[in-house]
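Trainee: What follows is upload-v4.csv, made up of CSV, C-alpha atoms:
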```csv
chain,number,residue,atom,x,y,z
A,192,MET,CA,-41.1,-265.0,-67.3
A,193,LEU,CA,-42.9,-267.5,-69.4
A,194,THR,CA,-42.5,-270.8,-67.7
A,195,SER,CA,-44.4,-273.7,-69.1
A,196,LEU,CA,-47.1,-275.5,-67.1
A,197,HIS,CA,-45.3,-278.8,-67.7
A,198,ILE,CA,-44.1,-280.7,-64.6
A,199,GLU,CA,-41.2,-283.1,-64.5
A,200,GLY,CA,-42.3,-286.6,-63.6
A,201,ASP,CA,-42.7,-290.3,-64.5
A,202,SER,CA,-46.4,-290.9,-64.2
A,203,LEU,CA,-48.4,-292.9,-66.7
A,204,LEU,CA,-49.4,-289.7,-68.5
A,205,HIS,CA,-45.8,-288.6,-68.7
A,206,ARG,CA,-44.9,-291.8,-70.5
A,207,LEU,CA,-47.7,-291.7,-73.0
A,208,PRO,CA,-47.1,-290.0,-76.4
A,209,VAL,CA,-48.8,-286.6,-76.9
A,210,ARG,CA,-50.9,-287.9,-79.7
A,211,VAL,CA,-52.5,-290.6,-77.5
A,212,LYS,CA,-53.2,-288.0,-74.8
A,213,LEU,CA,-54.8,-285.5,-77.3
A,214,ILE,CA,-56.9,-288.2,-78.9
A,215,ALA,CA,-58.0,-289.4,-75.5
A,216,LEU,CA,-59.0,-285.9,-74.5
A,217,VAL,CA,-61.1,-285.5,-77.7
A,218,ALA,CA,-62.6,-288.9,-77.3
A,219,LEU,CA,-63.4,-288.3,-73.7
A,220,SER,CA,-65.2,-285.0,-74.5
A,221,ILE,CA,-67.2,-286.6,-77.3
A,222,VAL,CA,-68.3,-289.6,-75.1
A,223,LEU,CA,-69.2,-287.4,-72.1
A,224,PHE,CA,-71.1,-284.9,-74.2
A,225,LEU,CA,-73.1,-287.7,-76.0
A,226,SER,CA,-73.9,-289.5,-72.7
A,227,GLY,CA,-76.5,-288.1,-70.3
A,228,SER,CA,-75.6,-290.7,-67.7
A,229,LEU,CA,-74.7,-289.2,-64.3
A,230,VAL,CA,-72.9,-292.4,-63.3
A,231,LEU,CA,-70.6,-292.2,-66.3
A,232,GLN,CA,-69.8,-288.6,-65.7
A,233,ALA,CA,-69.0,-289.3,-62.0
A,234,ILE,CA,-66.7,-292.1,-62.9
A,235,ALA,CA,-64.9,-289.9,-65.5
A,236,PHE,CA,-64.6,-287.2,-62.9
A,237,VAL,CA,-63.1,-289.5,-60.3
A,238,LEU,CA,-60.7,-291.0,-62.8
A,239,ALA,CA,-59.7,-287.5,-64.2
A,240,ALA,CA,-59.2,-286.1,-60.7
A,241,GLY,CA,-57.1,-289.2,-59.8
A,242,LEU,CA,-54.9,-288.8,-62.9
A,243,TYR,CA,-54.5,-285.0,-62.3
A,244,LEU,CA,-53.5,-285.4,-58.7
A,245,SER,CA,-51.0,-288.2,-59.6
A,246,VAL,CA,-48.9,-286.1,-62.1
A,247,GLY,CA,-46.7,-284.7,-59.3
A,248,LEU,CA,-48.2,-281.3,-58.6
A,249,SER,CA,-48.4,-280.1,-55.0
A,250,LEU,CA,-52.1,-279.9,-53.9
A,251,LYS,CA,-51.8,-276.1,-53.6
A,252,GLU,CA,-50.5,-275.7,-57.2
A,253,ALA,CA,-53.0,-278.3,-58.5
A,254,ILE,CA,-55.9,-276.3,-57.1
A,255,ALA,CA,-54.5,-272.9,-58.2
A,256,ARG,CA,-54.2,-274.1,-61.8
A,257,VAL,CA,-57.8,-275.1,-62.2
A,258,GLY,CA,-59.2,-272.8,-59.6
A,259,PHE,CA,-60.4,-270.0,-61.8
A,260,VAL,CA,-62.0,-272.3,-64.3
A,261,PHE,CA,-63.8,-274.2,-61.5
A,262,LEU,CA,-65.0,-270.9,-60.1
A,263,THR,CA,-66.8,-270.2,-63.4
A,264,ILE,CA,-68.1,-273.7,-63.5
A,265,PHE,CA,-69.5,-273.4,-59.9
A,266,PHE,CA,-71.0,-270.0,-60.6
A,267,LEU,CA,-72.8,-271.3,-63.7
A,268,ALA,CA,-73.9,-274.4,-61.8
A,269,ALA,CA,-75.4,-272.2,-59.1
A,270,VAL,CA,-77.3,-270.3,-61.7
A,271,ASN,CA,-78.4,-273.6,-63.3
A,272,LEU,CA,-79.9,-274.8,-60.0
A,273,PHE,CA,-82.7,-272.3,-60.4
A,274,LEU,CA,-83.4,-273.3,-64.0
A,275,LEU,CA,-82.8,-277.0,-64.4
A,276,PRO,CA,-83.5,-280.2,-62.5
A,277,VAL,CA,-80.8,-281.0,-59.9
A,278,GLY,CA,-79.8,-284.3,-61.5
A,279,GLU,CA,-79.1,-282.6,-64.8
A,280,VAL,CA,-77.0,-279.8,-63.1
A,281,ALA,CA,-74.9,-282.5,-61.4
A,282,THR,CA,-74.4,-284.3,-64.8
A,283,LEU,CA,-73.4,-281.1,-66.6
A,284,THR,CA,-71.1,-279.9,-63.7
A,285,LEU,CA,-69.3,-283.3,-63.3
A,286,ARG,CA,-68.8,-283.5,-67.1
A,287,LEU,CA,-67.1,-280.1,-67.3
A,288,MET,CA,-65.0,-280.7,-64.2
A,289,ALA,CA,-63.8,-284.1,-65.6
A,290,LEU,CA,-62.8,-282.6,-68.9
A,291,VAL,CA,-61.0,-279.6,-67.3
A,292,LEU,CA,-59.1,-281.9,-64.9
A,293,PHE,CA,-58.1,-284.3,-67.7
A,294,ALA,CA,-57.0,-281.3,-69.9
A,295,ALA,CA,-55.0,-279.9,-67.0
A,296,ALA,CA,-53.4,-283.3,-66.5
A,297,VAL,CA,-52.4,-283.4,-70.3
A,298,THR,CA,-50.9,-279.9,-70.1
A,299,ALA,CA,-49.0,-280.7,-66.9
A,300,THR,CA,-47.4,-283.9,-68.4
A,301,THR,CA,-46.5,-282.6,-71.9
A,302,THR,CA,-43.5,-280.5,-72.8
A,303,ILE,CA,-43.7,-277.6,-75.2
A,304,SER,CA,-41.3,-279.4,-77.6
A,305,ALA,CA,-43.5,-282.5,-77.6
A,306,PHE,CA,-46.5,-280.4,-78.4
A,307,MET,CA,-44.6,-278.6,-81.2
A,308,ASP,CA,-43.5,-281.9,-82.8
A,309,GLU,CA,-47.1,-283.0,-82.9
A,310,ILE,CA,-48.2,-279.6,-84.3
A,311,THR,CA,-45.6,-279.9,-87.0
A,312,ILE,CA,-47.0,-283.3,-88.0
A,313,LEU,CA,-50.5,-281.9,-87.9
A,314,LEU,CA,-49.5,-279.1,-90.2
A,315,THR,CA,-47.9,-281.3,-92.9
A,316,PRO,CA,-51.1,-281.6,-95.0
A,317,PHE,CA,-51.4,-277.8,-95.1
A,318,GLU,CA,-47.7,-277.5,-96.0
A,319,ARG,CA,-48.3,-279.9,-98.9
A,320,LEU,CA,-51.1,-277.6,-100.1
A,321,GLY,CA,-48.7,-274.7,-99.9
A,322,TRP,CA,-50.8,-272.7,-97.4
A,323,LEU,CA,-48.1,-272.3,-94.8
A,324,ARG,CA,-44.8,-273.7,-93.6
A,325,ALA,CA,-44.4,-275.6,-90.3
A,326,ALA,CA,-41.0,-274.1,-89.8
A,327,ASP,CA,-42.6,-270.6,-89.9
A,328,VAL,CA,-44.9,-271.6,-87.1
A,329,SER,CA,-42.0,-272.7,-84.9
A,330,LEU,CA,-40.1,-269.5,-85.9
A,331,ALA,CA,-43.0,-267.3,-84.9
A,332,LEU,CA,-43.4,-269.2,-81.6
A,333,GLY,CA,-39.7,-268.7,-80.9
A,334,LEU,CA,-40.0,-265.0,-81.6
A,335,VAL,CA,-42.8,-264.6,-79.2
A,336,LEU,CA,-40.9,-266.3,-76.4
A,337,ARG,CA,-37.8,-264.2,-77.3
A,338,PHE,CA,-39.6,-260.8,-77.3
A,339,VAL,CA,-42.1,-261.0,-74.4
A,340,PRO,CA,-39.4,-260.0,-71.8
A,341,ASP,CA,-38.3,-257.2,-74.0
A,342,ILE,CA,-41.8,-255.8,-74.5
A,343,PHE,CA,-42.5,-256.2,-70.8
A,344,ALA,CA,-39.3,-254.2,-70.0
A,345,ARG,CA,-40.5,-251.5,-72.5
A,346,TYR,CA,-43.9,-251.4,-70.7
A,347,GLU,CA,-42.1,-250.9,-67.4
A,348,ALA,CA,-40.0,-248.1,-68.9
A,349,ILE,CA,-43.1,-246.3,-70.2
A,350,ARG,CA,-44.7,-246.7,-66.8
A,351,GLU,CA,-41.6,-245.2,-65.1
A,352,ALA,CA,-41.7,-242.3,-67.6
A,353,HIS,CA,-45.3,-241.7,-66.5
A,354,ARG,CA,-44.3,-241.7,-62.9
A,355,ALA,CA,-41.3,-239.4,-63.5
A,356,ARG,CA,-43.7,-236.8,-65.0
A,357,GLY,CA,-46.4,-237.3,-62.3
A,358,LEU,CA,-48.9,-238.6,-64.9
A,359,PRO,CA,-51.6,-241.1,-63.9
A,360,ILE,CA,-50.9,-244.6,-65.4
A,361,ARG,CA,-53.7,-245.1,-67.9
A,362,PRO,CA,-54.0,-247.9,-70.4
A,363,LEU,CA,-54.6,-245.4,-73.2
A,364,THR,CA,-51.3,-243.5,-72.7
A,365,ILE,CA,-49.4,-246.8,-72.3
A,366,ILE,CA,-50.8,-249.0,-75.0
A,367,GLY,CA,-50.2,-246.6,-77.9
A,368,PRO,CA,-46.5,-246.0,-77.3
A,369,LEU,CA,-45.9,-249.7,-76.4
A,370,ILE,CA,-47.4,-250.9,-79.7
A,371,ILE,CA,-45.6,-248.3,-81.9
A,372,LEU,CA,-42.2,-248.9,-80.2
A,373,THR,CA,-42.6,-252.6,-80.5
A,374,LEU,CA,-43.9,-252.9,-84.1
A,375,LYS,CA,-41.2,-250.4,-85.3
A,376,ASP,CA,-38.6,-253.1,-84.6
A,377,ALA,CA,-40.3,-255.4,-87.1
A,378,ASP,CA,-38.3,-254.3,-90.1
A,379,THR,CA,-35.0,-254.7,-88.2
A,380,ILE,CA,-35.9,-258.2,-86.9
A,381,ALA,CA,-37.2,-259.3,-90.4
A,382,ALA,CA,-33.9,-258.1,-92.0
A,383,ALA,CA,-31.9,-260.0,-89.3
A,384,ILE,CA,-33.9,-263.2,-90.0
A,385,ASP,CA,-33.5,-262.9,-93.8
A,386,ALA,CA,-29.8,-262.0,-93.5
A,387,ARG,CA,-29.3,-265.3,-91.6
A,388,GLY,CA,-31.3,-267.2,-94.2
A,389,PHE,CA,-33.6,-268.8,-91.5
A,390,ARG,CA,-36.5,-269.1,-94.0
A,391,ARG,CA,-34.4,-270.2,-97.0
A,392,GLN,CA,-35.9,-267.7,-99.4
B,186,MET,CA,-46.1,-264.4,-96.5
B,187,ASN,CA,-43.0,-262.2,-96.3
B,188,THR,CA,-40.7,-262.2,-93.2
B,189,ARG,CA,-41.9,-258.7,-92.1
B,190,ASP,CA,-45.5,-259.9,-91.8
B,191,LEU,CA,-44.4,-263.0,-89.9
B,192,VAL,CA,-42.5,-260.8,-87.5
B,193,LEU,CA,-45.4,-258.4,-87.1
B,194,ILE,CA,-47.7,-261.3,-86.3
B,195,ALA,CA,-45.2,-262.7,-83.7
B,196,LEU,CA,-44.6,-259.3,-82.1
B,197,PHE,CA,-48.3,-258.6,-81.8
B,198,ALA,CA,-48.9,-262.0,-80.2
B,199,ALA,CA,-46.1,-261.1,-77.7
B,200,ILE,CA,-47.8,-257.7,-77.1
B,201,VAL,CA,-51.0,-259.6,-76.2
B,202,VAL,CA,-49.0,-261.7,-73.8
B,203,VAL,CA,-47.6,-258.6,-72.1
B,204,LEU,CA,-51.1,-257.0,-71.9
B,205,GLY,CA,-52.0,-260.0,-69.8
B,206,LEU,CA,-49.2,-259.2,-67.4
B,207,ILE,CA,-50.4,-255.7,-66.8
B,208,PRO,CA,-52.6,-255.5,-63.6
B,209,PRO,CA,-56.3,-255.1,-64.4
B,210,ILE,CA,-58.0,-251.8,-63.7
B,211,THR,CA,-61.2,-251.5,-61.6
B,212,LEU,CA,-63.5,-248.6,-62.3
B,213,GLY,CA,-66.1,-247.5,-59.8
B,214,PHE,CA,-69.1,-247.6,-62.2
B,215,ILE,CA,-68.4,-250.9,-63.9
B,216,PRO,CA,-68.8,-254.2,-62.0
B,217,VAL,CA,-66.1,-256.2,-63.9
B,218,PRO,CA,-62.4,-255.3,-63.7
B,219,ILE,CA,-61.0,-254.4,-67.1
B,220,THR,CA,-58.1,-256.5,-68.3
B,221,ALA,CA,-55.8,-254.9,-70.9
B,222,GLN,CA,-55.5,-258.3,-72.7
B,223,SER,CA,-59.2,-258.4,-73.7
B,224,MET,CA,-58.6,-255.2,-75.7
B,225,GLY,CA,-56.1,-257.2,-77.8
B,226,VAL,CA,-58.7,-258.4,-80.2
B,227,MET,CA,-59.8,-254.9,-81.1
B,228,LEU,CA,-56.2,-253.6,-81.2
B,229,ALA,CA,-54.9,-256.5,-83.4
B,230,GLY,CA,-57.8,-256.1,-85.9
B,231,CYS,CA,-57.6,-252.3,-86.1
B,232,ILE,CA,-53.8,-252.2,-86.3
B,233,LEU,CA,-52.7,-255.3,-88.3
B,234,GLY,CA,-55.9,-255.8,-90.3
B,235,ALA,CA,-57.9,-259.0,-90.8
B,236,LYS,CA,-55.4,-261.6,-91.9
B,237,ARG,CA,-52.4,-260.7,-89.9
B,238,GLY,CA,-54.5,-259.9,-86.8
B,239,ALA,CA,-56.3,-263.2,-86.9
B,240,LEU,CA,-52.9,-265.1,-87.4
B,241,ALA,CA,-51.5,-263.2,-84.4
B,242,PHE,CA,-54.4,-264.5,-82.3
B,243,LEU,CA,-54.1,-268.0,-83.8
B,244,LEU,CA,-50.5,-268.0,-82.6
B,245,PHE,CA,-51.6,-266.7,-79.2
B,246,LEU,CA,-54.1,-269.6,-79.1
B,247,LEU,CA,-51.3,-272.0,-79.9
B,248,LEU,CA,-49.3,-270.6,-76.9
B,249,VAL,CA,-52.4,-271.2,-74.6
B,250,ALA,CA,-52.9,-274.7,-76.0
B,251,ILE,CA,-49.3,-275.9,-75.5
B,252,GLY,CA,-49.4,-275.0,-71.9
B,253,LEU,CA,-47.9,-271.5,-71.5
B,254,PRO,CA,-49.6,-269.3,-68.9
B,255,VAL,CA,-50.2,-266.4,-71.2
B,256,LEU,CA,-53.8,-265.6,-70.4
B,257,SER,CA,-54.3,-262.7,-67.9
B,258,GLY,CA,-53.9,-263.9,-64.3
B,259,GLY,CA,-51.3,-266.5,-65.4
B,260,ARG,CA,-53.8,-268.9,-66.8
B,261,GLY,CA,-53.2,-271.2,-69.7
B,262,GLY,CA,-53.2,-274.8,-70.9
B,263,LEU,CA,-55.9,-277.0,-72.4
B,264,ALA,CA,-58.0,-276.8,-69.2
B,265,VAL,CA,-59.0,-273.2,-70.0
B,266,LEU,CA,-60.0,-274.2,-73.5
B,267,ALA,CA,-62.1,-277.1,-72.1
B,268,GLY,CA,-63.8,-274.8,-69.5
B,269,PRO,CA,-67.0,-272.7,-70.0
B,270,SER,CA,-65.2,-269.7,-71.4
B,271,GLY,CA,-63.2,-271.6,-74.0
B,272,GLY,CA,-65.5,-270.4,-76.7
B,273,PHE,CA,-64.5,-266.8,-76.0
B,274,ILE,CA,-60.8,-267.6,-76.3
B,275,ILE,CA,-61.3,-269.5,-79.6
B,276,GLY,CA,-63.7,-266.8,-80.7
B,277,TRP,CA,-60.9,-264.2,-80.4
B,278,VAL,CA,-59.5,-265.4,-83.8
B,279,VAL,CA,-62.7,-264.9,-85.7
B,280,ALA,CA,-63.5,-261.6,-83.8
B,281,THR,CA,-60.1,-260.2,-84.7
B,282,PHE,CA,-60.6,-261.2,-88.4
B,283,VAL,CA,-64.0,-259.4,-88.5
B,284,THR,CA,-62.6,-256.3,-86.7
B,285,GLY,CA,-59.8,-256.1,-89.2
B,286,LEU,CA,-62.1,-256.6,-92.2
B,287,ILE,CA,-64.3,-253.7,-91.1
B,288,ALA,CA,-61.3,-251.5,-90.2
B,289,GLN,CA,-59.8,-252.1,-93.6
B,290,ARG,CA,-63.0,-251.2,-95.3
B,291,THR,CA,-63.8,-248.1,-93.3
B,292,VAL,CA,-60.5,-246.4,-92.5
B,293,ARG,CA,-58.4,-244.8,-95.1
B,294,GLU,CA,-55.5,-242.4,-95.2
B,295,GLY,CA,-56.4,-238.8,-95.8
B,296,GLN,CA,-59.9,-239.1,-94.2
B,297,ALA,CA,-60.9,-236.7,-91.5
B,298,GLU,CA,-59.8,-237.8,-88.1
B,299,THR,CA,-63.4,-238.1,-86.9
B,300,ARG,CA,-64.2,-240.6,-89.7
B,301,GLN,CA,-61.2,-242.7,-88.8
B,302,PHE,CA,-62.3,-242.7,-85.1
B,303,ILE,CA,-65.8,-243.8,-86.2
B,304,GLY,CA,-64.4,-246.5,-88.4
B,305,PHE,CA,-62.2,-248.0,-85.7
B,306,PHE,CA,-64.9,-247.8,-83.1
B,307,LEU,CA,-67.4,-249.5,-85.4
B,308,ALA,CA,-64.9,-252.3,-86.2
B,309,SER,CA,-64.1,-252.7,-82.5
B,310,VAL,CA,-67.7,-252.9,-81.4
B,311,LEU,CA,-68.9,-255.2,-84.3
B,312,GLY,CA,-65.9,-257.5,-84.3
B,313,GLY,CA,-64.7,-257.3,-80.7
B,314,ILE,CA,-68.1,-257.4,-79.0
B,315,VAL,CA,-70.9,-258.6,-81.3
B,316,VAL,CA,-69.0,-261.4,-83.1
B,317,LEU,CA,-67.1,-262.4,-80.0
B,318,TYR,CA,-70.3,-262.8,-77.9
B,319,ALA,CA,-72.1,-264.5,-80.9
B,320,ILE,CA,-69.5,-267.3,-80.6
B,321,GLY,CA,-68.8,-267.2,-76.8
B,322,MET,CA,-72.3,-267.2,-75.5
B,323,PRO,CA,-73.7,-270.2,-77.4
B,324,TRP,CA,-70.5,-272.1,-76.3
B,325,VAL,CA,-71.2,-271.3,-72.6
B,326,SER,CA,-74.8,-272.4,-73.1
B,327,ALA,CA,-73.8,-275.6,-74.9
B,328,VAL,CA,-71.2,-276.8,-72.3
B,329,THR,CA,-72.9,-275.7,-69.1
B,330,GLY,CA,-76.5,-276.3,-70.1
B,331,THR,CA,-77.5,-272.8,-68.9
B,332,PRO,CA,-80.2,-271.5,-71.3
B,333,LEU,CA,-78.8,-269.0,-73.9
B,334,LEU,CA,-81.2,-266.3,-72.7
B,335,THR,CA,-79.8,-266.4,-69.2
B,336,VAL,CA,-76.3,-266.4,-70.4
B,337,ALA,CA,-77.1,-263.4,-72.6
B,338,THR,CA,-78.7,-261.5,-69.7
B,339,GLY,CA,-75.7,-262.2,-67.5
B,340,SER,CA,-73.4,-261.0,-70.2
B,341,LEU,CA,-75.0,-257.6,-70.2
B,342,ALA,CA,-72.9,-256.8,-67.1
B,343,PHE,CA,-69.8,-256.9,-69.3
B,344,ILE,CA,-71.2,-254.6,-72.0
B,345,PRO,CA,-70.3,-251.2,-70.4
B,346,GLY,CA,-66.8,-252.4,-69.8
B,347,ASP,CA,-66.5,-253.7,-73.4
B,348,LEU,CA,-67.7,-250.4,-74.8
B,349,LEU,CA,-65.1,-248.6,-72.8
B,350,LYS,CA,-62.5,-251.0,-74.1
B,351,ALA,CA,-63.7,-250.3,-77.6
B,352,ALA,CA,-63.2,-246.6,-77.0
B,353,ILE,CA,-59.7,-247.0,-75.6
B,354,ALA,CA,-58.8,-249.4,-78.4
B,355,THR,CA,-60.1,-246.9,-81.0
B,356,LEU,CA,-58.0,-244.1,-79.6
B,357,ALA,CA,-54.9,-246.3,-79.4
B,358,ALA,CA,-55.4,-247.8,-82.8
B,359,ARG,CA,-55.8,-244.3,-84.3
B,360,ALA,CA,-52.6,-243.2,-82.5
B,361,VAL,CA,-50.7,-246.1,-84.0
B,362,TYR,CA,-52.3,-245.5,-87.4
B,363,ALA,CA,-51.1,-241.9,-87.3
B,364,GLY,CA,-47.6,-242.8,-86.0
B,365,TYR,CA,-46.9,-246.1,-87.8
B,366,PRO,CA,-49.6,-247.1,-90.3
B,367,LEU,CA,-49.7,-250.9,-91.0
B,368,LEU,CA,-53.4,-251.4,-91.9
B,369,PRO,CA,-53.0,-250.3,-95.6
B,370,ALA,CA,-50.1,-252.8,-96.3
B,371,ARG,CA,-52.4,-255.8,-96.6
B,372,ALA,CA,-50.9,-259.2,-96.1
```
Spell out the structure here as structure tokens.

Mentor:
Amino acid sequence: MLTSLHIEGDSLLHRLPVRVKLIALVALSIVLFLSGSLVLQAIAFVLAAGLYLSVGLSLKEAIARVGFVFLTIFFLAAVNLFLLPVGEVATLTLRLMALVLFAAAVTATTTISAFMDEITILLTPFERLGWLRAADVSLALGLVLRFVPDIFARYEAIREAHRARGLPIRPLTIIGPLIILTLKDADTIAAAIDARGFRRQ
Amino acid sequence: MNTRDLVLIALFAAIVVVLGLIPPITLGFIPVPITAQSMGVMLAGCILGAKRGALAFLLFLLLVAIGLPVLSGGRGGLAVLAGPSGGFIIGWVVATFVTGLIAQRTVREGQAETRQFIGFFLASVLGGIVVLYAIGMPWVSAVTGTPLLTVATGSLAFIPGDLLKAAIATLAARAVYAGYPLLPARA
């Protein structure tokens, strides 16, 4: 149900470590936002598009992934045409498209476990301060992935129950039972986690 | 943090993912289709309270960032966060916190039902609409260059739908509060 947006492959971005890619993404956004040069944004856009298309996605899939975000960008660009000079609109639009494409390329070339390793490292200072434990973050993430299919099955069961009674399917009558039924499991799950000593408390 | 709170946070993040899988509803009198997921902020704040609600959304944000297609319509990844509406998604964390803060201050056990409804509705509107737009709109304006006033005018189209969401979230939160109260047990 929850399949990662990562794509197998051996492109340049696949081989780079996550940290380099994330720093590159941050650096690119800072540089592009500080610069008002249309030429620079256009170069960044062409490079980002080239990178994104070289990660091994089919053209259809590649367009589908950024389609919705591009739609918002184009809509706002169309509005901007009435309010701002054309050159500025082009700069702003190219900058956003370049960033979105580069971000999509990073997502497509990085596995969840690579991201999690990096997040664990980023959380180390907070762990030293005693604010949280990196292991808890991974545990919570694992719990979400484990329980999404269960909760979706529960949603379908409640929907079927509505159908069987000839009731219209309304968010209100579905969300209440769905949340109560799901959260009521919390005690059992917490007891199961503690019984196995996963958190070493 | 005890294990139960950790599990509640994870389960709520999972509920928000599932709300994104439910097909959006279109209503005749409102121009924008209503996605169940966008009610998550109000629900998380009103049901789990400020701290746990905000942590549930921080966890959800993490799922988006590491490339899981958990946003409604199967979207996800860093591209969405880099796009114009990234501010709204990051704003969810703060909006949930404020919603929870207000709900914790206004709703108590033993109050008349109407007062609880008013408390939850107030929390949903102030946190889930006012705070969220206060973060999301300047963000749109900053990254796209569209003047803030234009963005604000355009956003008015979403307000009727948002008020309806706040009403649904209020009723659902109050039902959960009556059936399985979690708000008082503050994390």

Trainee: Using only C-alpha atoms, find which residues of chain B lie within 6 Å of chain A and jot them down as a list in words.

Mentor: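 Close enough to count are Thr188, Arg189, Val192, Leu193, Ala195, Ala199, Val203, Ile251, Gly252, Leu253, Gly262, Leu263, Ala264, Ala267, Gly268, Thr329, Thr331, Ile353, Ala357 and Val361 of chain B.
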
Trainee: Just the residues within 9 Å of segment 276-288 of chain B, please, counting only C-alpha atoms, with nothing from its chain fewer than 6 positions along; format it as a PyMOL selection string.

Mentor: chain B and resi 225-243+246+301+304-321+368

Trainee: In Å, with one decimal, what is the gap from atom CA of Gln222 of chain B to atom CA of Ile207 of chain B?

Mentor: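 These two atoms are separated by 8.2 Å.
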
Trainee: To one decimal place, how far is atom CA of Phe273 of chain B from atom CA of Pro323 of chain B in Å?

Mentor: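 Atom-to-atom, atom CA of Phe273 of chain B and atom CA of Pro323 of chain B are spaced 9.9 Å apart.
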
Trainee: Please report the interatomic distance between atom CA of Gly321 of chain A and atom CA of Ile214 of chain A in Å with one decimal.

Mentor: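 If I compute the distance from atom CA of Gly321 of chain A to atom CA of Ile214 of chain A, I get 26.3 Å.
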
Trainee: Quick one: everything within 10 Å of Leu231 of chain A, counting all atoms listed in the file, minus sequence neighbours fewer than 3 positions away in the same chain. Send it as a VMD selection string.

Mentor: chain A and resid 222 to 223 226 to 228 234 to 237 282 285 to 286

Trainee: For segment 229-234 of chain A, which lacks atoms in the input, supply all heavy atoms and format the output as a short mmCIF file (atom, residue, chain, number, x, y, z; two decimals), in the coordinates of the input.

Mentor:
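Output saved as part-v1.cif:
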```cif
data_model
loop_
_atom_site.label_atom_id
_atom_site.label_comp_id
_atom_site.auth_asym_id
_atom_site.auth_seq_id
_atom_site.Cartn_x
_atom_site.Cartn_y
_atom_site.Cartn_z
N LEU A 229 -75.43 -289.85 -65.42
CA LEU A 229 -74.70 -289.20 -64.30
C LEU A 229 -73.61 -290.12 -63.77
O LEU A 229 -72.54 -289.64 -63.42
CB LEU A 229 -75.77 -288.96 -63.17
CG LEU A 229 -75.24 -288.34 -61.87
CD1 LEU A 229 -74.59 -287.00 -62.14
CD2 LEU A 229 -76.34 -288.20 -60.85
N VAL A 230 -73.86 -291.45 -63.78
CA VAL A 230 -72.90 -292.40 -63.30
C VAL A 230 -71.58 -292.30 -64.08
O VAL A 230 -70.47 -292.22 -63.54
CB VAL A 230 -73.43 -293.83 -63.28
CG1 VAL A 230 -72.43 -294.80 -62.69
CG2 VAL A 230 -74.75 -293.87 -62.52
N LEU A 231 -71.74 -292.29 -65.42
CA LEU A 231 -70.60 -292.20 -66.30
C LEU A 231 -69.76 -290.97 -66.05
O LEU A 231 -68.53 -291.00 -65.96
CB LEU A 231 -71.03 -292.30 -67.76
CG LEU A 231 -69.90 -292.42 -68.78
CD1 LEU A 231 -69.29 -293.81 -68.75
CD2 LEU A 231 -70.39 -292.08 -70.18
N GLN A 232 -70.45 -289.82 -65.91
CA GLN A 232 -69.80 -288.60 -65.70
C GLN A 232 -69.01 -288.60 -64.34
O GLN A 232 -67.90 -288.10 -64.23
CB GLN A 232 -70.72 -287.36 -65.66
CG GLN A 232 -71.84 -287.40 -66.69
CD GLN A 232 -71.40 -287.01 -68.08
OE1 GLN A 232 -70.29 -286.53 -68.28
NE2 GLN A 232 -72.26 -287.23 -69.06
N ALA A 233 -69.67 -289.22 -63.35
CA ALA A 233 -69.00 -289.30 -62.00
C ALA A 233 -67.78 -290.15 -62.07
O ALA A 233 -66.74 -289.78 -61.50
CB ALA A 233 -70.03 -289.85 -61.00
N ILE A 234 -67.87 -291.28 -62.79
CA ILE A 234 -66.70 -292.10 -62.90
C ILE A 234 -65.57 -291.38 -63.63
O ILE A 234 -64.41 -291.38 -63.18
CB ILE A 234 -67.04 -293.44 -63.72
CG1 ILE A 234 -68.05 -294.28 -62.93
CG2 ILE A 234 -65.79 -294.25 -64.02
CD1 ILE A 234 -68.63 -295.44 -63.72
#
```
